Each structure stands twice: as C-alpha cells, then as structure tokens.
Amino acid sequence: MENILNDLFIFEMANNHQGSVEHGIRIIKEMGKIARQCNIKAAVKLQYRNLDSFIHPDYKGNTDVKHIKRFESTKLTYEQFCELVDTIREEGLIPISTPFDETGVEWCVCQGLEIIKIASCSSMDWPLLNKAALTHKPLIVSTGGKTISDIDKIYSFLIHRNVQFAFMHCVAEYPTPESHIQLDFIDKMKKRYYKIPVGYSGHEAPDNVLIPSLAAAKGVRLFERHVGVGTDKITLNPYTMNPKQTCSWVEAIQRSHSICNLQERGEKHISQGEMDSLRSLIRGCYAKKHMEINETLDKEKVFFAMPCLEDQMSSGDFYDGCVCTKEYKENDPIFERKKYTDVSIARSVIHEVKGMLYEAGIILNCDIEVELSHHYGIRQIRKFGAVIINVINREYCKKIIIVLPGQLHPRHMHKKKEETFQVLYGNMELELENEKKTLSAGNIQTIFRGQMHSFSSEHGVIFEEISTTHIKNDSYYEDTQNILQDPMERKTYIKNW
C-alpha cells in the first residue's frame, strides 16, 4: 500500500488567508495550478484552533502577547474552513490541517482530512498528541526546537500507539538563517528512526532554492513551505513564498531528485554511452613477441597500450597463466577471455557480502569462519545457497547469515537443532512448512525441530540465527536426489577473510 506521506509537497496557508475565505480560495487555486503544472502530489495545509477556548479570557484582545492579535484578526469559523477544504479537494489537492487544540483535532475528523500535522510547538503537548493519535490518521510531526532526546520521546509515544507518522526537520526561526538550518540532522534522524519518513519544513528566504535542493539530495521526499498571494493591501512575510517562488521551489526539488535518483532499484545504472566512453581509454593487451597456440601467457610476454579493441583482452582482464587459443604475432592484440574459476566466483561472493555488511553497519572481526553454502555446486551459488558466518557454537550457537539478491536456500529441516531468526537488514521470504512469510528488519521467527523450511530474498538480506548447538549432518534436505552429497562440493570454508 502506498504511503500517503511519501513524495508529498505541502503548501502551508496558515493564516495567510487573512481571515478571508475568498483570499484563501485564491491561494488554493494558485497552488492547484502549480501542482498540475509540475505533476506532483500536493496538499494545502490549514491551521485550526478554537479561539473561544484557546486564548485565556483575560487575554482576549490583548495586543502585548505575540500572535493573539494575528489569530483574532484572521479568525475563520468551522463552516468557513469547510469551504476551503472543499476547494482544496476540487483542485485535486489533499486537505491537511494543524490543530493547536483538541477542538481542532475534532474538526479534522469531522472534515475527513487524510492527514493531521502537528506543529513544533505542539509536538510534546501530550494531551493533544494523544488526541491526534486516537484518530488513527497519519501524522506529520515537526521537530523545531526539539533535542534528539525530545524526538526519542515523541517517537516512542507514537510507535506505542501504532500510528503511521513522519518527522519533519524544522528550525523554528522565521526566517531561518542558512547557518542555522543544519541539514545533516536529517541523516541522523533517518538512521535513528528506521522506516519513519523524514521530511523538511523550511522557513528560509522564499527565493532560496539551494536549501530544498540539498534536502532533496539527502533523500527527503516530504516538503513543506508557507505560501501566500500578495496584493496591493497584503504584504507577504519574509518566509512566505508567492506563487512564482513556489513554482521555482518545486522545480528545484524535482530537478534535484532527477539528478540524485538511481535509475535502477537500489543499483547504479551504467549506460552504454558510459561504457563506450571508458572503453576508449582502457589499455588493451598486446603480444610482445610471436606466440604459438597453447602457449601460456605471463607479464613478460605482453604489454598494455591503448586502444582496446572490441572483444580484446584488457589490462584489467589479464592474468598470468592464460593459455593462447590461437597464434599471435608481435604487436598483435590478444583476444582471450578472462577465465572464471571457482576461486574467482567465491571471491566475488565474499566481496559482495562484505559490501552488504558495510551498508548495514554490521562490523565483524576478521578472524571468523565464513562458510559458503552452495547446495548445487559453487557455479550455482548465486541461485542456490547462502553465506554463513559462524560466530560461536557452544551449548548455544550464533550465526550471521547473508542471502544474496535472488538467492534461495533450499527446503530442509533439523532433527536436533532449534533455531530462531531475527532479520537485521533487508527482507526475506521464509517458507515454513506450507506457510509463506515475509520478514523485514526486526522480525523474529523460531524454527522448531522437524519443521521443513526454506528462505530467499529478492534484494538481499542479513539475519541472525540463534540456536541450540550446531551439529554437523543435522540438515535434512527435501531434494535428496539433486543436492550434491559430497561436503567438499556443498561447502567452502574461508578463514581470516
């Protein structure tokens, strides 16, 4: 199911409607034009507060306390907000509101708003946050002025209430100087709050497109800015964007996403043009002297120079011990293929496993035993098998198991060992008896003695296995005919990798 909080642009109207439904509708229509022009999923955000109870009776009409005059002068009724919500929907936009009190939350529910936004000033207002959480609507929580310890508390509060939510990195200075924005905090939040979207709510100068572009480069997919429409009588504040600036803001983010996005899921796309360009600079392998067919090559018999012709052996492909399949004269290009051995296959698997562990932030010592499990031979290891890191094996046993993308560990069971899997990184498909389960990071599954099971991963997975003592020859495979029985064919052990 698509997460409504992903890839969303939020246009915050706040009080820029100036207490006029007509002017609010004008702002909404301008934002609708931008959303259609840029082909984006966008929302217009309002602010709800019941001023009759929100402001203490003794302070109503007070001009000394900040915001009171502004709130009272731009007051709209619930019915007037309903008109704005209807217009937002008519424009194909998502209506959102920031409630500042419990009545505001009730208005959100009555209007059927898809998302509720919690302002930075309210993000530790536990009565309000609890009221919003009880709606079971997705929440977006701004974190301006909050320490990492504060955000930890908010995270824990919402996680325990099973709420779908996102955090917004935000600096509550209006406007925010560039030196105070601290976009690197986004990286910390994304790493600390696993799977929780982290967006950026900006208050920098309205013509600054560098900041949102940098946020987009950090992987942000949820953005918010104050928007408004100026007139002869209405002057926008220093952190509110007019429609032209808003359009430039959206386009800058889209351009940054286009520049940063991987063209293939999780992988770097290498175009043919890039390959051709590099090929023109690669050195080819040439014969230093006349060589006969079946002669063994070494570095003393060849030299490397450009160009590297099509199908010619490159300097990077050359290896000592290559056997000539044809006769070569002096200065002839060498047309031999790099030989893929069991050793080179094992080495490539080890390199990929190390990369996955680095990416997952899992640090292991070098003096460990690594087991390449290849049930149909090492030539088939990328289809069938797994890499098993044996950490400890006493009365209890701990292993780290890595399944490469597209790899399947065949159905088997243990008669003596009971094991529990916990996914550390990625996702895996576990077939337990006749039940199929998808496990992601943090999920735990116990496999009892005698239970047939197999596991695989589309994009790669790392999981921990905690079990009773591991005993050799305690794995009984369903496919007894095809799986090679010779342990030398099924296992490769590596130490000090």
# chains A, B, ... in the order shown; residues from 1 in each chain; ligands from 1

$ select_by_dssp --residues "range 205-414 of chain A" --states "alpha helix (DSSP H)" --output "ChimeraX atom specification"
/A:210-217,243-260,272-279,342-360

$ closest_residue --among "A:Ala133, A:Tyr239, A:Asp152, A:Lys491" --to "Pro177 in chain A" --atoms "only C-alpha atoms"
A:Tyr239

$ residues_around --residues "range 69-75 of chain A" --least-positions-apart "3" --cutoff "7 Å" --atoms "only C-alpha atoms" --output "PDB file with all heavy atoms, in the first residue's frame"
ATOM      1  N   ASN A  15      -2.164  31.349   8.332  1.00  0.00           N
ATOM      2  CA  ASN A  15      -3.115  32.471   8.452  1.00  0.00           C
ATOM      3  C   ASN A  15      -3.027  33.429   7.266  1.00  0.00           C
ATOM      4  O   ASN A  15      -3.568  34.538   7.322  1.00  0.00           O
ATOM      5  CB  ASN A  15      -2.851  33.240   9.747  1.00  0.00           C
ATOM      6  CG  ASN A  15      -3.065  32.378  10.969  1.00  0.00           C
ATOM      7  OD1 ASN A  15      -4.150  31.883  11.207  1.00  0.00           O
ATOM      8  ND2 ASN A  15      -2.006  32.184  11.748  1.00  0.00           N
ATOM      9  N   GLN A  18      -5.735  35.595   5.638  1.00  0.00           N
ATOM     10  CA  GLN A  18      -6.054  36.925   6.186  1.00  0.00           C
ATOM     11  C   GLN A  18      -7.478  37.026   6.724  1.00  0.00           C
ATOM     12  O   GLN A  18      -8.047  38.111   6.824  1.00  0.00           O
ATOM     13  CB  GLN A  18      -5.852  38.013   5.112  1.00  0.00           C
ATOM     14  CG  GLN A  18      -4.502  37.989   4.423  1.00  0.00           C
ATOM     15  CD  GLN A  18      -3.350  38.209   5.385  1.00  0.00           C
ATOM     16  OE1 GLN A  18      -3.466  38.969   6.345  1.00  0.00           O
ATOM     17  NE2 GLN A  18      -2.229  37.535   5.114  1.00  0.00           N
ATOM     18  N   GLY A  19      -8.072  35.868   7.086  1.00  0.00           N
ATOM     19  CA  GLY A  19      -9.440  35.882   7.593  1.00  0.00           C
ATOM     20  C   GLY A  19     -10.478  36.001   6.503  1.00  0.00           C
ATOM     21  O   GLY A  19     -11.662  36.221   6.784  1.00  0.00           O
ATOM     22  N   GLY A  61      -8.167  40.021  23.052  1.00  0.00           N
ATOM     23  CA  GLY A  61      -7.985  41.402  22.622  1.00  0.00           C
ATOM     24  C   GLY A  61      -6.668  41.999  23.039  1.00  0.00           C
ATOM     25  O   GLY A  61      -6.382  43.162  22.718  1.00  0.00           O
ATOM     26  N   ASN A  62      -5.821  41.220  23.715  1.00  0.00           N
ATOM     27  CA  ASN A  62      -4.518  41.720  24.178  1.00  0.00           C
ATOM     28  C   ASN A  62      -3.585  41.897  22.987  1.00  0.00           C
ATOM     29  O   ASN A  62      -3.469  41.032  22.121  1.00  0.00           O
ATOM     30  CB  ASN A  62      -3.925  40.728  25.184  1.00  0.00           C
ATOM     31  CG  ASN A  62      -2.696  41.270  25.871  1.00  0.00           C
ATOM     32  OD1 ASN A  62      -1.689  41.541  25.231  1.00  0.00           O
ATOM     33  ND2 ASN A  62      -2.774  41.433  27.189  1.00  0.00           N
ATOM     34  N   THR A  63      -2.930  43.028  22.930  1.00  0.00           N
ATOM     35  CA  THR A  63      -2.001  43.315  21.832  1.00  0.00           C
ATOM     36  C   THR A  63      -0.551  43.164  22.249  1.00  0.00           C
ATOM     37  O   THR A  63       0.356  43.316  21.422  1.00  0.00           O
ATOM     38  CB  THR A  63      -2.233  44.743  21.300  1.00  0.00           C
ATOM     39  OG1 THR A  63      -2.068  45.679  22.384  1.00  0.00           O
ATOM     40  CG2 THR A  63      -3.624  44.880  20.716  1.00  0.00           C
TER      41      THR A  63
END

$ residues_around --residues "His23 in chain A" --least-positions-apart "5" --cutoff "12 Å" --atoms "only C-alpha atoms" --output "compact mmCIF listing (two decimals) with all heavy atoms, in the first residue's frame"
# COMPACT_ATOMS: atom_id res chain seq x y z
N MET A 13 -0.87 27.23 4.10
CA MET A 13 -1.52 28.53 4.03
C MET A 13 -1.45 29.25 5.37
O MET A 13 -1.32 30.49 5.42
CB MET A 13 -2.99 28.37 3.61
CG MET A 13 -3.69 29.70 3.40
SD MET A 13 -5.48 29.56 3.19
CE MET A 13 -5.60 28.50 1.77
N ASN A 15 -2.16 31.35 8.33
CA ASN A 15 -3.11 32.47 8.45
C ASN A 15 -3.03 33.43 7.27
O ASN A 15 -3.57 34.54 7.32
CB ASN A 15 -2.85 33.24 9.75
CG ASN A 15 -3.07 32.38 10.97
OD1 ASN A 15 -4.15 31.88 11.21
ND2 ASN A 15 -2.01 32.18 11.75
N ASN A 16 -2.37 32.99 6.19
CA ASN A 16 -2.21 33.86 5.03
C ASN A 16 -3.51 34.08 4.26
O ASN A 16 -3.53 34.85 3.30
CB ASN A 16 -1.13 33.30 4.09
CG ASN A 16 0.27 33.47 4.67
OD1 ASN A 16 0.51 34.39 5.46
ND2 ASN A 16 1.19 32.60 4.30
N HIS A 17 -4.58 33.41 4.66
CA HIS A 17 -5.89 33.72 4.09
C HIS A 17 -6.39 35.07 4.59
O HIS A 17 -7.37 35.61 4.06
CB HIS A 17 -6.90 32.63 4.43
CG HIS A 17 -6.94 32.26 5.87
ND1 HIS A 17 -7.41 33.09 6.87
CD2 HIS A 17 -6.56 31.12 6.51
CE1 HIS A 17 -7.34 32.51 8.03
NE2 HIS A 17 -6.80 31.30 7.86
N GLN A 18 -5.74 35.60 5.64
CA GLN A 18 -6.05 36.92 6.19
C GLN A 18 -7.48 37.03 6.72
O GLN A 18 -8.05 38.11 6.82
CB GLN A 18 -5.85 38.01 5.11
CG GLN A 18 -4.50 37.99 4.42
CD GLN A 18 -3.35 38.21 5.38
OE1 GLN A 18 -3.47 38.97 6.35
NE2 GLN A 18 -2.23 37.53 5.11
N ILE A 28 -5.47 28.74 -2.77
CA ILE A 28 -5.64 27.31 -3.10
C ILE A 28 -5.61 27.10 -4.61
O ILE A 28 -4.95 26.18 -5.11
CB ILE A 28 -6.96 26.79 -2.50
CG1 ILE A 28 -6.90 26.81 -0.97
CG2 ILE A 28 -7.26 25.38 -3.00
CD1 ILE A 28 -8.25 26.64 -0.29
N LYS A 29 -6.30 27.96 -5.35
CA LYS A 29 -6.34 27.80 -6.81
C LYS A 29 -4.96 28.01 -7.43
O LYS A 29 -4.59 27.32 -8.40
CB LYS A 29 -7.37 28.75 -7.41
CG LYS A 29 -8.81 28.36 -7.10
CD LYS A 29 -9.81 29.24 -7.80
CE LYS A 29 -11.24 28.80 -7.56
NZ LYS A 29 -11.52 27.47 -8.16
N GLU A 30 -4.19 28.93 -6.88
CA GLU A 30 -2.81 29.13 -7.38
C GLU A 30 -1.97 27.88 -7.12
O GLU A 30 -1.16 27.47 -7.96
CB GLU A 30 -2.19 30.35 -6.71
CG GLU A 30 -2.77 31.69 -7.14
CD GLU A 30 -2.39 32.07 -8.57
OE1 GLU A 30 -1.47 31.44 -9.13
OE2 GLU A 30 -3.04 32.99 -9.11
N THR A 74 -7.55 37.11 11.99
CA THR A 74 -7.68 36.21 10.83
C THR A 74 -8.61 35.04 11.15
O THR A 74 -8.56 34.01 10.48
CB THR A 74 -6.30 35.67 10.41
OG1 THR A 74 -5.70 35.00 11.52
CG2 THR A 74 -5.39 36.79 9.97
N GLN A 80 -16.54 28.11 7.52
CA GLN A 80 -15.68 28.75 6.52
C GLN A 80 -14.49 27.85 6.17
O GLN A 80 -14.09 27.76 5.00
CB GLN A 80 -15.20 30.11 7.04
CG GLN A 80 -16.31 31.16 7.10
CD GLN A 80 -15.85 32.45 7.75
OE1 GLN A 80 -15.20 32.43 8.81
NE2 GLN A 80 -16.19 33.57 7.14
N GLU A 83 -15.49 25.37 3.64
CA GLU A 83 -15.46 25.89 2.26
C GLU A 83 -14.07 25.76 1.67
O GLU A 83 -13.89 25.38 0.50
CB GLU A 83 -15.89 27.36 2.25
CG GLU A 83 -17.36 27.61 2.51
CD GLU A 83 -17.70 29.08 2.32
OE1 GLU A 83 -17.52 29.59 1.17
OE2 GLU A 83 -18.13 29.73 3.30
N LEU A 84 -13.04 26.07 2.47
CA LEU A 84 -11.67 25.96 1.98
C LEU A 84 -11.30 24.51 1.71
O LEU A 84 -10.65 24.21 0.70
CB LEU A 84 -10.70 26.57 3.00
CG LEU A 84 -10.84 28.08 3.26
CD1 LEU A 84 -9.79 28.54 4.28
CD2 LEU A 84 -10.70 28.87 1.96
N THR A 87 -12.73 23.39 -1.55
CA THR A 87 -11.97 23.94 -2.68
C THR A 87 -10.66 23.19 -2.87
O THR A 87 -10.24 22.93 -4.00
CB THR A 87 -11.68 25.45 -2.47
OG1 THR A 87 -12.92 26.13 -2.25
CG2 THR A 87 -10.97 26.04 -3.67
N GLY A 228 1.57 32.02 -0.01
CA GLY A 228 0.55 33.06 0.04
C GLY A 228 0.49 33.80 -1.28
O GLY A 228 1.26 33.52 -2.21
N VAL A 229 -0.43 34.74 -1.35
CA VAL A 229 -0.56 35.60 -2.54
C VAL A 229 -0.58 37.04 -2.07
O VAL A 229 -1.44 37.43 -1.27
CB VAL A 229 -1.85 35.27 -3.33
CG1 VAL A 229 -2.03 36.27 -4.48
CG2 VAL A 229 -1.81 33.84 -3.87
N GLY A 230 0.36 37.82 -2.55
CA GLY A 230 0.41 39.23 -2.19
C GLY A 230 -0.54 40.07 -3.04
O GLY A 230 -0.86 39.71 -4.17
N THR A 231 -1.02 41.16 -2.47
CA THR A 231 -1.88 42.10 -3.20
C THR A 231 -1.42 43.52 -2.85
O THR A 231 -0.44 43.71 -2.13
CB THR A 231 -3.36 41.93 -2.80
OG1 THR A 231 -3.52 42.33 -1.43
CG2 THR A 231 -3.81 40.49 -2.96
N LYS A 233 -2.83 45.35 -0.88
CA LYS A 233 -3.05 45.54 0.56
C LYS A 233 -2.39 44.47 1.43
O LYS A 233 -2.30 44.64 2.64
CB LYS A 233 -4.56 45.56 0.84
CG LYS A 233 -5.30 46.72 0.18
CD LYS A 233 -6.78 46.69 0.54
CE LYS A 233 -7.53 47.85 -0.09
NZ LYS A 233 -8.98 47.82 0.23
N ILE A 234 -1.97 43.36 0.80
CA ILE A 234 -1.38 42.25 1.56
C ILE A 234 0.09 42.09 1.21
O ILE A 234 0.43 41.88 0.05
CB ILE A 234 -2.13 40.93 1.27
CG1 ILE A 234 -3.60 41.03 1.69
CG2 ILE A 234 -1.44 39.75 1.97
CD1 ILE A 234 -4.44 39.83 1.28

$ closest_residue --among "A:Phe11, A:Phe455, A:Tyr193, A:Trp249" --to "Gly406 in chain A" --atoms "only C-alpha atoms"
A:Phe455

$ residues_around --residues "Ala360 in chain A" --least-positions-apart "6" --cutoff "9 Å" --atoms "only C-alpha atoms" --output "PyMOL selection string"
chain A and resi 424-426+462

$ write_last_selection --atoms "C-alpha atoms" --output "compact mmCIF listing (two decimals), in the first residue's frame"
# COMPACT_ATOMS: atom_id res chain seq x y z
CA LEU A 424 18.95 -7.36 10.79
CA TYR A 425 18.89 -5.82 7.31
CA GLY A 426 16.74 -6.19 4.20
CA ILE A 462 21.18 -10.32 6.56

$ residues_around --residues "Phe165 in chain A" --least-positions-apart "4" --cutoff "9 Å" --atoms "only C-alpha atoms" --output "MDAnalysis selection string"
chainID A and resid 5 137:141 158:159 196:197

$ residues_around --residues "Phe303 in chain A" --least-positions-apart "6" --cutoff "8 Å" --atoms "only C-alpha atoms" --output "PDB file with all heavy atoms, in the first residue's frame"
ATOM      1  N   CYS A 285      45.539  -5.525 -24.221  1.00  0.00           N
ATOM      2  CA  CYS A 285      46.665  -6.442 -24.043  1.00  0.00           C
ATOM      3  C   CYS A 285      47.220  -6.817 -25.418  1.00  0.00           C
ATOM      4  O   CYS A 285      46.468  -7.280 -26.298  1.00  0.00           O
ATOM      5  CB  CYS A 285      46.193  -7.670 -23.293  1.00  0.00           C
ATOM      6  SG  CYS A 285      47.493  -8.855 -22.925  1.00  0.00           S
ATOM      7  N   TYR A 286      48.553  -6.649 -25.645  1.00  0.00           N
ATOM      8  CA  TYR A 286      49.210  -6.906 -26.924  1.00  0.00           C
ATOM      9  C   TYR A 286      50.399  -7.847 -26.727  1.00  0.00           C
ATOM     10  O   TYR A 286      51.024  -7.873 -25.659  1.00  0.00           O
ATOM     11  CB  TYR A 286      49.683  -5.607 -27.559  1.00  0.00           C
ATOM     12  CG  TYR A 286      48.549  -4.695 -27.995  1.00  0.00           C
ATOM     13  CD1 TYR A 286      47.976  -3.783 -27.112  1.00  0.00           C
ATOM     14  CD2 TYR A 286      48.047  -4.754 -29.292  1.00  0.00           C
ATOM     15  CE1 TYR A 286      46.935  -2.953 -27.504  1.00  0.00           C
ATOM     16  CE2 TYR A 286      47.017  -3.923 -29.697  1.00  0.00           C
ATOM     17  CZ  TYR A 286      46.460  -3.029 -28.798  1.00  0.00           C
ATOM     18  OH  TYR A 286      45.433  -2.218 -29.199  1.00  0.00           O
ATOM     19  N   ALA A 287      50.729  -8.588 -27.788  1.00  0.00           N
ATOM     20  CA  ALA A 287      51.841  -9.539 -27.733  1.00  0.00           C
ATOM     21  C   ALA A 287      53.177  -8.824 -27.910  1.00  0.00           C
ATOM     22  O   ALA A 287      53.356  -8.051 -28.857  1.00  0.00           O
ATOM     23  CB  ALA A 287      51.663 -10.599 -28.810  1.00  0.00           C
ATOM     24  N   LYS A 288      54.128  -9.109 -27.018  1.00  0.00           N
ATOM     25  CA  LYS A 288      55.481  -8.559 -27.162  1.00  0.00           C
ATOM     26  C   LYS A 288      56.272  -9.302 -28.239  1.00  0.00           C
ATOM     27  O   LYS A 288      57.193  -8.753 -28.837  1.00  0.00           O
ATOM     28  CB  LYS A 288      56.233  -8.670 -25.834  1.00  0.00           C
ATOM     29  CG  LYS A 288      55.995  -7.545 -24.865  1.00  0.00           C
ATOM     30  CD  LYS A 288      56.936  -7.692 -23.669  1.00  0.00           C
ATOM     31  CE  LYS A 288      56.714  -6.564 -22.671  1.00  0.00           C
ATOM     32  NZ  LYS A 288      57.607  -6.720 -21.490  1.00  0.00           N
TER      33      LYS A 288
END

$ atom_distance --atom1 "CA of Trp126 in chain A" --atom2 "CA of His169 in chain A"
19.6 Å

$ atom_distance --atom1 "CA of Ile471 in chain A" --atom2 "CA of Met452 in chain A"
17.2 Å

$ closest_residue --among "A:Cys308, A:Met275, A:Leu210, A:Met168" --to "Val250 in chain A" --atoms "only C-alpha atoms"
A:Leu210

$ closest_residue --among "A:Glu224, A:Glu435, A:Glu292, A:Glu371" --to "Lys326 in chain A" --atoms "only C-alpha atoms"
A:Glu292

$ select_by_dssp --residues "range 75-237 of chain A" --states "strand (DSSP E)" --output "list in words"
Ile94, Pro95, Ile96, Ser97, Thr98, Pro99, Ile115, Ile116, Lys117, Ile118, Leu139, Ile140, Val141, Ser142, Phe165, Ala166, Phe167, Met168, His169, Cys170, Val198, Gly199, Tyr200, Ser201, Leu222, Phe223, Glu224, Arg225 and His226 of chain A

$ atom_distance --atom1 "CA of Glu352 in chain A" --atom2 "CA of Phe384 in chain A"
15.6 Å
